[in-house]
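Worksheet for the structure shown next.
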Amino acid sequence: MNNYETVFIVTPVLSEQQVQEVADKFQGVITENGGRIVNKESWGLRKLAYPIQKKTTGFYFLVEFTGEGPIINTLETQYRRDERVIRFLTFKQDKYAVEYSEKRRAKITNKQEE
C-alpha cells in the first residue's frame with residue numbers, strides 16, 4: 001500500500017451542500033477502489049493565485065489516503081469528468097512526507113483540544 005495526498009479545488013458558485021456532495025463523491029471513489037482514507041480536511045473558500053475559468057476563488061479540499069497505484073488513474077479520471085472541479089493535484093508521499101503529515105495532524109489535534 002502506498003500513501004497518497006490529493007488536493008482539489010471546487011468551483012465557488014456551488015452551495016455548501018453541493019460542495020460537500022462533491023467532496024463525498026471523491027472520498028467514495030477512493031474507498032470503492034480499495035483505498036483507505038487517513039485524513040480529510042476542508043480548507044474552505046480561498047483566493048486562487050491566478051484566475052481559473054474566470055474564477056478567483058475556490059473551495060479547497062485535502063484528502064490523505066492509502067491505496068494501490070491503479071486507484072490514482074481512476075480518481076484523476078473522475079476529477080477530469082466532473083466540471084465542478086477546477087484543479088486537482090495528487091502525489092505519492094515518501095516516508096518523510098508521511099511523518100510530516102502525522103506531525104501536522106497531531107499538532108492540529110492538540111490545538112483543537114486546548
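The chains in the C-alpha cells are called A, B, ... from first to last as shown; in each chain the residues are counted from 1, and the ligands are counted from 1 in the order shown.
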
| request: Compile the contact shell of Phe26 in chain A as a count of residues only: residues with an atom at most 9 Å away, counting only C-alpha atoms, same-chain residues fewer than 4 positions apart removed. | output: 7

| task | For range 60-69 of chain A, work out the shell of residues within 12 Å, counting only C-alpha atoms and skipping chain neighbours fewer than 6 positions away, then give it as a PyMOL selection string. | result | chain A and resi 1-12+19-20+22-24+26-48+75-76+85-93+97-98+101-102+105

| query | Which distance in Å separates CA of Pro51 in chain A and CA of Asn73 in chain A, to one decimal? | reply | 26.5 Å

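If you measure from each of A:Glu99, A:Gln18, A:Lys25, A:Asp82 to Phe59 in chain A using only C-alpha atoms, the closest one turns out to be A:Gln18.
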
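The residue that comes closest to Glu16 in chain A, out of A:Gly58, A:Ile108, A:Arg81, A:Thr74 and on the basis of only C-alpha atoms, is A:Gly58.
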
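Put simply, CA of Ile52 in chain A is 14.7 Å away from CA of Arg80 in chain A.
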
| field | strand (DSSP E) call set, DSSP backbone run, chain A, as a PyMOL selection string | value | chain A and resi 2-10+36-52+55-67+85-92

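From CA of Ser15 in chain A back to CA of Thr57 in chain A, the distance works out to 13.8 Å.
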